[in-house]
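**Student:** structure_18.cif is reproduced in full below (mmCIF, C-alpha atoms).
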```cif
data_data
#
loop_
_atom_site.group_PDB
_atom_site.id
_atom_site.type_symbol
_atom_site.label_atom_id
_atom_site.label_comp_id
_atom_site.auth_asym_id
_atom_site.auth_seq_id
_atom_site.Cartn_x
_atom_site.Cartn_y
_atom_site.Cartn_z
ATOM 1 C CA VAL A 1 31.056 -218.688 88.749
ATOM 2 C CA VAL A 2 31.163 -220.286 92.208
ATOM 3 C CA VAL A 3 34.982 -220.054 92.293
ATOM 4 C CA LEU A 4 34.923 -216.392 91.201
ATOM 5 C CA GLN A 5 32.290 -215.441 93.763
ATOM 6 C CA THR A 6 34.063 -217.309 96.569
ATOM 7 C CA SER A 7 37.338 -215.620 95.602
ATOM 8 C CA ALA A 8 35.633 -212.230 95.682
ATOM 9 C CA ILE A 9 34.283 -212.955 99.170
ATOM 10 C CA VAL A 10 37.722 -213.960 100.445
ATOM 11 C CA ILE A 11 39.506 -211.015 98.806
ATOM 12 C CA ARG A 12 36.958 -208.282 99.571
ATOM 13 C CA HIS A 13 35.867 -209.444 103.034
ATOM 14 C CA ASP A 14 32.912 -207.060 103.002
ATOM 15 C CA LEU A 15 29.156 -207.385 103.463
ATOM 16 C CA ALA A 16 28.140 -206.576 99.883
ATOM 17 C CA THR A 17 29.764 -209.624 98.284
ATOM 18 C CA PRO A 18 28.042 -212.330 100.361
ATOM 19 C CA TYR A 19 24.823 -210.302 100.089
ATOM 20 C CA MET A 20 25.047 -210.559 96.282
ATOM 21 C CA VAL A 21 25.710 -214.307 96.463
ATOM 22 C CA VAL A 22 22.762 -214.825 98.832
ATOM 23 C CA GLY A 23 20.589 -212.960 96.312
ATOM 24 C CA ALA A 24 21.904 -215.146 93.486
ATOM 25 C CA ILE A 25 21.107 -218.313 95.439
ATOM 26 C CA ILE A 26 17.578 -217.056 96.110
ATOM 27 C CA ALA A 27 17.286 -216.209 92.392
ATOM 28 C CA ALA A 28 18.390 -219.755 91.520
ATOM 29 C CA TYR A 29 15.650 -221.220 93.712
ATOM 30 C CA LEU A 30 13.138 -218.801 92.193
ATOM 31 C CA THR A 31 14.208 -219.982 88.746
ATOM 32 C CA THR A 32 13.513 -223.584 89.744
ATOM 33 C CA LEU A 33 10.016 -222.596 90.847
ATOM 34 C CA ILE A 34 9.350 -220.691 87.608
ATOM 35 C CA LYS A 35 10.599 -223.662 85.552
ATOM 36 C CA LYS A 36 8.138 -225.958 87.322
ATOM 37 C CA LEU A 37 5.266 -223.524 86.769
ATOM 38 C CA VAL A 38 6.019 -222.795 83.097
ATOM 39 C CA ASN A 39 7.158 -226.365 82.334
ATOM 40 C CA GLN A 40 8.553 -225.563 78.874
ATOM 41 C CA ARG A 41 10.733 -228.201 77.281
ATOM 42 C CA ARG A 42 14.315 -227.613 76.360
ATOM 43 C CA PRO A 43 15.238 -227.720 72.671
ATOM 44 C CA PRO A 44 15.320 -231.098 70.898
ATOM 45 C CA GLY A 45 18.530 -232.958 71.660
ATOM 46 C CA ALA A 46 19.220 -231.100 74.917
ATOM 47 C CA PRO A 47 21.110 -233.321 77.377
ATOM 48 C CA PHE A 48 18.738 -232.498 80.253
ATOM 49 C CA ALA A 49 15.113 -233.505 80.729
ATOM 50 C CA ASP A 50 14.053 -230.814 83.216
ATOM 51 C CA PRO A 51 12.152 -227.737 81.979
ATOM 52 C CA GLY A 52 14.240 -225.047 80.305
ATOM 53 C CA MET A 53 12.217 -221.832 80.715
ATOM 54 C CA PRO A 54 13.861 -219.654 81.923
ATOM 55 C CA SER A 55 17.546 -220.498 81.678
ATOM 56 C CA SER A 56 18.829 -220.568 85.244
ATOM 57 C CA HIS A 57 22.399 -220.013 84.060
ATOM 58 C CA ALA A 58 21.356 -216.890 82.143
ATOM 59 C CA LEU A 59 19.240 -215.610 85.028
ATOM 60 C CA VAL A 60 21.814 -216.159 87.777
ATOM 61 C CA SER A 61 24.845 -215.006 85.779
ATOM 62 C CA THR A 62 22.961 -211.858 84.745
ATOM 63 C CA PHE A 63 21.823 -211.356 88.343
ATOM 64 C CA LEU A 64 25.411 -211.477 89.584
ATOM 65 C CA ALA A 65 26.727 -209.281 86.756
ATOM 66 C CA VAL A 66 24.117 -206.570 87.325
ATOM 67 C CA ALA A 67 24.649 -206.747 91.096
ATOM 68 C CA TRP A 68 28.381 -206.192 90.567
ATOM 69 C CA VAL A 69 27.708 -203.301 88.184
ATOM 70 C CA VAL A 70 25.454 -201.670 90.789
ATOM 71 C CA GLN A 71 27.985 -202.298 93.560
ATOM 72 C CA LEU A 72 30.986 -201.070 91.566
ATOM 73 C CA ASP A 73 29.218 -198.114 89.896
ATOM 74 C CA ALA A 74 29.660 -199.461 86.335
ATOM 75 C CA SER A 75 33.454 -199.816 86.493
ATOM 76 C CA PRO A 76 35.524 -201.746 83.919
ATOM 77 C CA VAL A 77 35.183 -204.787 86.214
ATOM 78 C CA GLY A 78 31.418 -204.410 85.914
ATOM 79 C CA ALA A 79 31.701 -204.376 82.135
ATOM 80 C CA ALA A 80 33.816 -207.536 82.286
ATOM 81 C CA VAL A 81 31.299 -209.418 84.418
ATOM 82 C CA LEU A 82 28.479 -208.317 82.095
ATOM 83 C CA ALA A 83 30.482 -209.708 79.159
ATOM 84 C CA LEU A 84 31.037 -212.955 81.070
ATOM 85 C CA ALA A 85 27.297 -213.252 81.797
ATOM 86 C CA ALA A 86 26.534 -212.643 78.113
ATOM 87 C CA ALA A 87 29.043 -215.330 77.110
ATOM 88 C CA ILE A 88 27.499 -217.820 79.548
ATOM 89 C CA SER A 89 24.044 -217.068 78.159
ATOM 90 C CA VAL A 90 25.114 -217.450 74.524
ATOM 91 C CA LEU A 91 26.927 -220.698 75.299
ATOM 92 C CA ARG A 92 23.730 -222.170 76.752
ATOM 93 C CA VAL A 93 22.153 -221.832 73.293
ATOM 94 C CA VAL A 94 25.258 -222.806 71.318
ATOM 95 C CA CYS A 95 25.642 -225.987 73.390
ATOM 96 C CA GLY A 96 21.974 -226.878 72.800
ATOM 97 C CA HIS A 97 20.853 -226.589 76.429
ATOM 98 C CA HIS A 98 18.325 -223.792 75.819
ATOM 99 C CA THR A 99 16.487 -221.872 73.145
ATOM 100 C CA TRP A 100 17.132 -218.168 72.584
ATOM 101 C CA ALA A 101 13.768 -217.391 74.170
ATOM 102 C CA GLN A 102 14.677 -219.311 77.347
ATOM 103 C CA VAL A 103 17.983 -217.456 77.642
ATOM 104 C CA ILE A 104 16.467 -214.049 76.889
ATOM 105 C CA VAL A 105 13.779 -214.559 79.539
ATOM 106 C CA GLY A 106 16.503 -215.566 82.013
ATOM 107 C CA VAL A 107 18.419 -212.364 81.261
ATOM 108 C CA LEU A 108 15.269 -210.217 81.394
ATOM 109 C CA LEU A 109 14.368 -211.642 84.808
ATOM 110 C CA GLY A 110 17.899 -211.661 86.241
ATOM 111 C CA ALA A 111 18.705 -208.002 85.584
ATOM 112 C CA PRO A 112 15.721 -206.377 87.354
ATOM 113 C CA LEU A 113 15.851 -208.926 90.182
ATOM 114 C CA ALA A 114 19.475 -207.971 90.837
ATOM 115 C CA TYR A 115 18.743 -204.271 90.679
ATOM 116 C CA ALA A 116 15.818 -204.672 93.091
ATOM 117 C CA TRP A 117 17.931 -206.860 95.423
ATOM 118 C CA MET A 118 20.738 -204.306 95.523
ATOM 119 C CA LEU A 119 18.267 -201.457 96.017
ATOM 120 C CA LEU A 120 16.662 -203.353 98.891
ATOM 121 C CA GLY A 121 20.078 -203.892 100.464
ATOM 122 C CA SER A 122 20.888 -200.212 100.078
ATOM 123 C CA LEU A 123 17.575 -199.037 101.536
ATOM 124 C CA TYR A 124 17.954 -201.226 104.608
ATOM 125 C CA GLY A 125 21.720 -200.730 104.990
ATOM 126 C CA VAL A 126 22.338 -204.457 104.704
ATOM 127 C CA THR A 127 25.853 -203.980 103.385
ATOM 128 C CA GLU A 128 26.911 -201.677 106.222
ATOM 129 C CA GLY A 129 27.413 -202.620 109.816
ATOM 130 C CA GLY A 130 29.589 -203.905 112.572
ATOM 131 C CA ALA A 131 30.550 -207.316 113.900
ATOM 132 C CA THR A 132 26.954 -208.500 114.321
ATOM 133 C CA ALA A 133 26.100 -207.650 110.705
ATOM 134 C CA TYR A 134 29.173 -209.566 109.518
ATOM 135 C CA ALA A 135 28.290 -212.590 111.669
ATOM 136 C CA VAL A 136 24.706 -212.661 110.387
ATOM 137 C CA MET A 137 25.555 -212.071 106.707
ATOM 138 C CA TYR A 138 28.363 -214.628 106.586
ATOM 139 C CA SER A 139 26.248 -217.178 108.502
ATOM 140 C CA VAL A 140 23.400 -216.778 106.012
ATOM 141 C CA TYR A 141 25.909 -216.985 103.146
ATOM 142 C CA PHE A 142 27.517 -220.198 104.465
ATOM 143 C CA VAL A 143 24.201 -221.914 105.246
ATOM 144 C CA LEU A 144 22.576 -221.054 101.901
ATOM 145 C CA SER A 145 25.759 -221.976 100.021
ATOM 146 C CA ALA A 146 25.936 -225.346 101.755
ATOM 147 C CA VAL A 147 22.270 -226.073 101.021
ATOM 148 C CA PHE A 148 22.696 -224.964 97.406
ATOM 149 C CA ILE A 149 25.850 -227.058 96.864
ATOM 150 C CA ARG A 150 24.264 -230.119 98.483
ATOM 151 C CA ARG A 151 21.183 -229.728 96.278
ATOM 152 C CA SER A 152 23.321 -229.291 93.161
ATOM 153 C CA LEU A 153 25.405 -232.370 93.937
ATOM 154 C CA ALA A 154 22.286 -234.427 94.690
ATOM 155 C CA LYS A 155 20.733 -233.284 91.412
ATOM 156 C CA LYS A 156 23.839 -234.490 89.576
ATOM 157 C CA LYS A 157 23.639 -237.754 91.535
ATOM 158 C CA ILE A 158 27.082 -237.156 93.053
ATOM 159 C CA MET A 159 25.637 -237.142 96.541
ATOM 160 C CA GLN A 160 22.237 -238.587 97.392
ATOM 161 C CA PRO A 161 20.178 -236.711 100.023
ATOM 162 C CA ASN A 162 19.161 -238.732 103.086
#
```
In structure tokens, what does this structure look like?
**Tutor:**
Amino acid sequence: VVVLQTSAIVIRHDLATPYMVVGAIIAAYLTTLIKKLVNQRRPPGAPFADPGMPSSHALVSTFLAVAWVVQLDASPVGAAVLALAAAISVLRVVCGHHTWAQVIVGVLLGAPLAYAWMLLGSLYGVTEGGATAYAVMYSVYFVLSAVFIRRSLAKKKIMQPN
């Protein structure tokens, strides 16, 4: 997902694409907060010990898919990213990482969050603008991406935070 989103940013070089990724990163952090509050275990035998409700993979992949559908006006590309998000969600259950309920809640939270995020961006003209808008959006994108990647690597014990 990270490679696809980064590729889209490089290829499209617009304001909408990093705006969607920033929203997805915020959604990922929101998912972490919800998991801590709900504190529901993953299914027996799951390889992770952290809470599983809601599935962050289902929530974030659905968020990005719905954001792309909104951005692209339900084009065939939008249908493809929705199918990819559905496949990611199903695989989370098939691989034993989540229950169906955890994945369904992730999907049901991700879709309206994305729609609201894109609506907010449209209302405030976030995805339109000149050089200053590009500088701000890409700066926010790079900073949040770096923080997110560092956190993800630290969580996987690849890189320990100071």
**Student:** Against stretch 11-35 of chain A, which residues of stretch 64-145 of chain A fall within 9 Å? For each one I want the closest pair of atoms and the distance in Å (one decimal), counting all atoms listed in the file, rows by chain and increasing residue number, as CSV.
**Tutor:**
```
residue,atom,partner,partner_atom,distance
A:Leu64,CA,A:Ala24,CA,6.4
A:Ala67,CA,A:Met20,CA,6.4
A:Trp68,CA,A:Met20,CA,7.9
A:Gln71,CA,A:Ala16,CA,7.6
A:Gly106,CA,A:Thr31,CA,8.4
A:Gly110,CA,A:Ala27,CA,7.7
A:Leu113,CA,A:Ala27,CA,7.7
A:Ala114,CA,A:Gly23,CA,7.5
A:Trp117,CA,A:Gly23,CA,6.7
A:Met118,CA,A:Met20,CA,7.6
A:Gly121,CA,A:Tyr19,CA,8.0
A:Val126,CA,A:Leu15,CA,7.5
A:Thr127,CA,A:Leu15,CA,4.7
A:Glu128,CA,A:Leu15,CA,6.7
A:Gly129,CA,A:Leu15,CA,8.1
A:Ala133,CA,A:Leu15,CA,7.9
A:Tyr134,CA,A:Leu15,CA,6.4
A:Met137,CA,A:Leu15,CA,6.7
A:Tyr138,CA,A:Pro18,CA,6.6
A:Val140,CA,A:Val22,CA,7.5
A:Tyr141,CA,A:Val22,CA,5.8
A:Phe142,CA,A:Pro18,CA,8.9
A:Leu144,CA,A:Val22,CA,6.9
A:Ser145,CA,A:Ile25,CA,7.5
```
**Student:** Expanded to explicit residues, what is the PyMOL selection byres ((chain A and resi 82) around 12) for this file, as an MDAnalysis selection string?
**Tutor:** chainID A and resid 58 60:70 74:81 83:89 107 110:111
**Student:** Which protein, DNA or RNA residues are at most 8 Å from (8.3, -229.5, 77.5) in the file's coordinates when you count all atoms listed in the file, listed as a PyMOL selection string?
**Tutor:** chain A and resi 39-42+51-52
**Student:** Restricting the calculation to all atoms listed in the file: of A:Ala46, A:Ile149, A:Lys36, A:Val3, which residue gets closest to A:Val94?
**Tutor:**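 For A:Val94, the nearest of the candidates is A:Ala46.
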**Student:** When you count all atoms listed in the file, which of these residues is closest to A:Val90: A:Leu120, A:Leu59, A:Val103, A:Ala154?
**Tutor:**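 Among the listed residues, A:Val103 lies closest to A:Val90.
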**Student:** Take atom CA of A:Leu91 and atom CA of A:His57 and report the distance between them in Å, one decimal.
**Tutor:** 9.9 Å
**Student:** Render stretch 36-118 of chain A from the structure in the preceding block as a file of C-alpha atoms, as a compact mmCIF listing (two decimals), in the first residue's frame.
**Tutor:**
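Okay, this is what ended up in decode-v7.txt:
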```txt
# COMPACT_ATOMS: atom_id res chain seq x y z
CA LYS A 36 -6.55 0.96 23.16
CA LEU A 37 -10.01 2.11 24.24
CA VAL A 38 -11.89 -1.02 23.09
CA ASN A 39 -9.05 -3.40 24.04
CA GLN A 40 -10.56 -6.45 22.31
CA ARG A 41 -8.29 -9.43 21.85
CA ARG A 42 -7.39 -10.81 18.49
CA PRO A 43 -8.58 -14.33 17.65
CA PRO A 44 -6.87 -17.29 19.34
CA GLY A 45 -3.57 -18.10 17.67
CA ALA A 46 -3.09 -14.62 16.19
CA PRO A 47 0.62 -13.77 15.88
CA PHE A 48 0.19 -10.36 17.53
CA ALA A 49 -0.63 -9.53 21.14
CA ASP A 50 -1.98 -5.99 20.66
CA PRO A 51 -5.75 -5.40 20.56
CA GLY A 52 -7.49 -6.26 17.30
CA MET A 53 -10.66 -4.13 17.28
CA PRO A 54 -10.90 -2.55 14.76
CA SER A 55 -8.58 -3.94 12.11
CA SER A 56 -6.24 -1.10 11.19
CA HIS A 57 -5.45 -2.73 7.84
CA ALA A 58 -9.16 -2.92 6.97
CA LEU A 59 -9.80 0.63 8.16
CA VAL A 60 -6.85 2.26 6.38
CA SER A 61 -7.14 0.28 3.14
CA THR A 62 -10.87 1.07 3.00
CA PHE A 63 -10.12 4.71 3.80
CA LEU A 64 -7.70 4.95 0.89
CA ALA A 65 -9.98 3.05 -1.50
CA VAL A 66 -13.00 5.24 -0.74
CA ALA A 67 -10.86 8.39 -0.97
CA TRP A 68 -9.68 7.30 -4.43
CA VAL A 69 -13.25 6.52 -5.50
CA VAL A 70 -14.34 10.00 -4.40
CA GLN A 71 -11.35 11.63 -6.09
CA LEU A 72 -11.71 9.68 -9.35
CA ASP A 73 -15.53 9.81 -9.51
CA ALA A 74 -15.98 6.01 -9.27
CA SER A 75 -13.78 5.15 -12.27
CA PRO A 76 -12.54 1.62 -13.06
CA VAL A 77 -9.40 2.49 -11.05
CA GLY A 78 -11.66 3.22 -8.10
CA ALA A 79 -13.30 -0.17 -8.48
CA ALA A 80 -9.87 -1.80 -8.55
CA VAL A 81 -8.73 -0.11 -5.35
CA LEU A 82 -12.00 -1.08 -3.65
CA ALA A 83 -11.36 -4.70 -4.68
CA LEU A 84 -7.80 -4.46 -3.33
CA ALA A 85 -9.08 -3.09 0.00
CA ALA A 86 -11.62 -5.93 0.19
CA ALA A 87 -8.87 -8.48 -0.50
CA ILE A 88 -6.66 -6.98 2.22
CA SER A 89 -9.56 -7.13 4.67
CA VAL A 90 -10.44 -10.74 3.86
CA LEU A 91 -6.79 -11.79 4.11
CA ARG A 92 -6.60 -10.38 7.64
CA VAL A 93 -9.23 -12.95 8.67
CA VAL A 94 -7.91 -15.79 6.52
CA CYS A 95 -4.41 -15.34 7.98
CA GLY A 96 -5.83 -15.40 11.53
CA HIS A 97 -4.91 -11.81 12.44
CA HIS A 98 -8.49 -10.64 13.03
CA THR A 99 -12.05 -11.81 13.46
CA TRP A 100 -14.73 -10.95 10.90
CA ALA A 101 -16.21 -8.47 13.36
CA GLN A 102 -12.88 -6.64 13.74
CA VAL A 103 -12.48 -6.37 9.97
CA ILE A 104 -16.09 -5.31 9.38
CA VAL A 105 -15.80 -2.56 12.00
CA GLY A 106 -12.57 -1.40 10.34
CA VAL A 107 -14.34 -1.19 6.97
CA LEU A 108 -17.41 0.51 8.47
CA LEU A 109 -15.21 3.15 10.11
CA GLY A 110 -12.80 3.62 7.20
CA ALA A 111 -15.41 4.34 4.53
CA PRO A 112 -17.25 7.25 6.22
CA LEU A 113 -13.99 8.68 7.58
CA ALA A 114 -12.61 8.83 4.04
CA TYR A 115 -15.77 10.36 2.65
CA ALA A 116 -15.79 13.00 5.41
CA TRP A 117 -12.06 13.69 4.89
CA MET A 118 -12.52 14.18 1.15
```
